Each structure stands twice: as structure tokens, then as C-alpha cells.
Amino acid sequence: MDAKLLEILVCPLCKGPLDYLKESQELVCKPDGLAFPIRDDIPVMLEHPEARKLSVEEVDALR
């Protein structure tokens, strides 16, 4: 994932910062509890149907 792109991307819902999870290839918004997939180095920033709702345990682990 390009570092410059990561600096400018924000959550499409709350406009907050995103965390990059390299192992799962996702961008995560902690406040909204959503994980946006990255496919072929392209972030898919659609809430429905692409974003995955994080479990409470996953959100807690990211804090």
C-alpha cells in the first residue's frame, strides 16, 4: 500500500483516520467499527456491500 495514499485516505463515513492492517489487507475505522478491503493495491471505500463490520473483540484489540 502506497504510504502517500494512506496519509490522505479517511473513512468515508466519519472522515476520521484509518489504520492499515497489512496482514488482512484492510483499512480500519475504529470509531465506526468498519474494515474496508484493499484489492490489488486499491482501497474499496464503500460502506455497503464491501465494508466488514468489526466485532467488539476486534475493535478492542486495535486500541
# chains A, B, ... in the order shown; residues from 1 in each chain; ligands from 1
>>> residues_around(residues="Arg39 of chain A", least_positions_apart="6", cutoff="12 Å", atoms="only C-alpha atoms", output="PyMOL selection string")
chain A and resi 1+22+24-27+45+50
>>> select_by_dssp(residues="chain A", states="alpha helix (DSSP H)", output="PyMOL selection string")
chain A and resi 3-8+56-62
>>> write_last_selection(atoms="N, CA, C and O atoms", output="mmCIF file, in the first residue's frame")
data_model
loop_
_atom_site.group_PDB
_atom_site.id
_atom_site.type_symbol
_atom_site.label_atom_id
_atom_site.label_comp_id
_atom_site.auth_asym_id
_atom_site.auth_seq_id
_atom_site.Cartn_x
_atom_site.Cartn_y
_atom_site.Cartn_z
ATOM 1 N N ALA A 3 2.353 4.643 0.842
ATOM 2 C CA ALA A 3 2.343 5.437 2.075
ATOM 3 C C ALA A 3 1.685 6.802 1.874
ATOM 4 O O ALA A 3 0.962 7.279 2.754
ATOM 5 N N LYS A 4 1.908 7.437 0.732
ATOM 6 C CA LYS A 4 1.295 8.748 0.477
ATOM 7 C C LYS A 4 -0.220 8.639 0.386
ATOM 8 O O LYS A 4 -0.944 9.510 0.855
ATOM 9 N N LEU A 5 -0.698 7.562 -0.214
ATOM 10 C CA LEU A 5 -2.140 7.353 -0.302
ATOM 11 C C LEU A 5 -2.732 7.133 1.085
ATOM 12 O O LEU A 5 -3.795 7.679 1.408
ATOM 13 N N LEU A 6 -2.043 6.373 1.920
ATOM 14 C CA LEU A 6 -2.523 6.125 3.273
ATOM 15 C C LEU A 6 -2.640 7.413 4.084
ATOM 16 O O LEU A 6 -3.522 7.535 4.936
ATOM 17 N N GLU A 7 -1.766 8.359 3.817
ATOM 18 C CA GLU A 7 -1.794 9.637 4.542
ATOM 19 C C GLU A 7 -3.044 10.459 4.233
ATOM 20 O O GLU A 7 -3.514 11.198 5.091
ATOM 21 N N ILE A 8 -3.575 10.336 3.029
ATOM 22 C CA ILE A 8 -4.703 11.195 2.643
ATOM 23 C C ILE A 8 -6.065 10.505 2.745
ATOM 24 O O ILE A 8 -7.090 11.179 2.751
ATOM 25 N N VAL A 56 -16.691 -6.633 18.471
ATOM 26 C CA VAL A 56 -16.241 -5.866 19.639
ATOM 27 C C VAL A 56 -14.820 -6.266 20.009
ATOM 28 O O VAL A 56 -13.986 -5.416 20.346
ATOM 29 N N GLU A 57 -14.521 -7.543 19.923
ATOM 30 C CA GLU A 57 -13.194 -8.046 20.257
ATOM 31 C C GLU A 57 -12.127 -7.468 19.312
ATOM 32 O O GLU A 57 -11.024 -7.119 19.737
ATOM 33 N N GLU A 58 -12.450 -7.389 18.011
ATOM 34 C CA GLU A 58 -11.512 -6.844 17.041
ATOM 35 C C GLU A 58 -11.238 -5.366 17.304
ATOM 36 O O GLU A 58 -10.096 -4.912 17.246
ATOM 37 N N VAL A 59 -12.288 -4.615 17.614
ATOM 38 C CA VAL A 59 -12.124 -3.187 17.900
ATOM 39 C C VAL A 59 -11.272 -3.001 19.159
ATOM 40 O O VAL A 59 -10.358 -2.192 19.194
ATOM 41 N N ASP A 60 -11.550 -3.781 20.187
ATOM 42 C CA ASP A 60 -10.780 -3.703 21.435
ATOM 43 C C ASP A 60 -9.308 -4.033 21.201
ATOM 44 O O ASP A 60 -8.424 -3.412 21.797
ATOM 45 N N ALA A 61 -9.029 -5.000 20.354
ATOM 46 C CA ALA A 61 -7.650 -5.408 20.072
ATOM 47 C C ALA A 61 -6.882 -4.309 19.351
ATOM 48 O O ALA A 61 -5.647 -4.232 19.468
ATOM 49 N N LEU A 62 -7.572 -3.446 18.630
ATOM 50 C CA LEU A 62 -6.919 -2.363 17.891
ATOM 51 C C LEU A 62 -6.608 -1.162 18.763
ATOM 52 O O LEU A 62 -5.853 -0.287 18.379
#
>>> residues_around(residues="Lys53 of chain A", least_positions_apart="6", cutoff="12 Å", atoms="only C-alpha atoms", output="ChimeraX atom specification")
/A:26-37,47,59
>>> select_by_dssp(residues="segment 1-62 of chain A", states="strand (DSSP E or B)", output="list in words")
Asp19, Tyr20, Leu21, Glu26, Leu27, Val28, Cys29, Leu34, Ala35, Phe36, Pro37, Ile38, Arg39, Ile42, Pro43, Arg52 and Lys53 of chain A
>>> atom_distance(atom1="atom CA of Ile42 of chain A", atom2="atom CA of Ser55 of chain A")
23.9 Å
>>> atom_distance(atom1="atom CA of Pro12 of chain A", atom2="atom CA of Arg52 of chain A")
13.7 Å
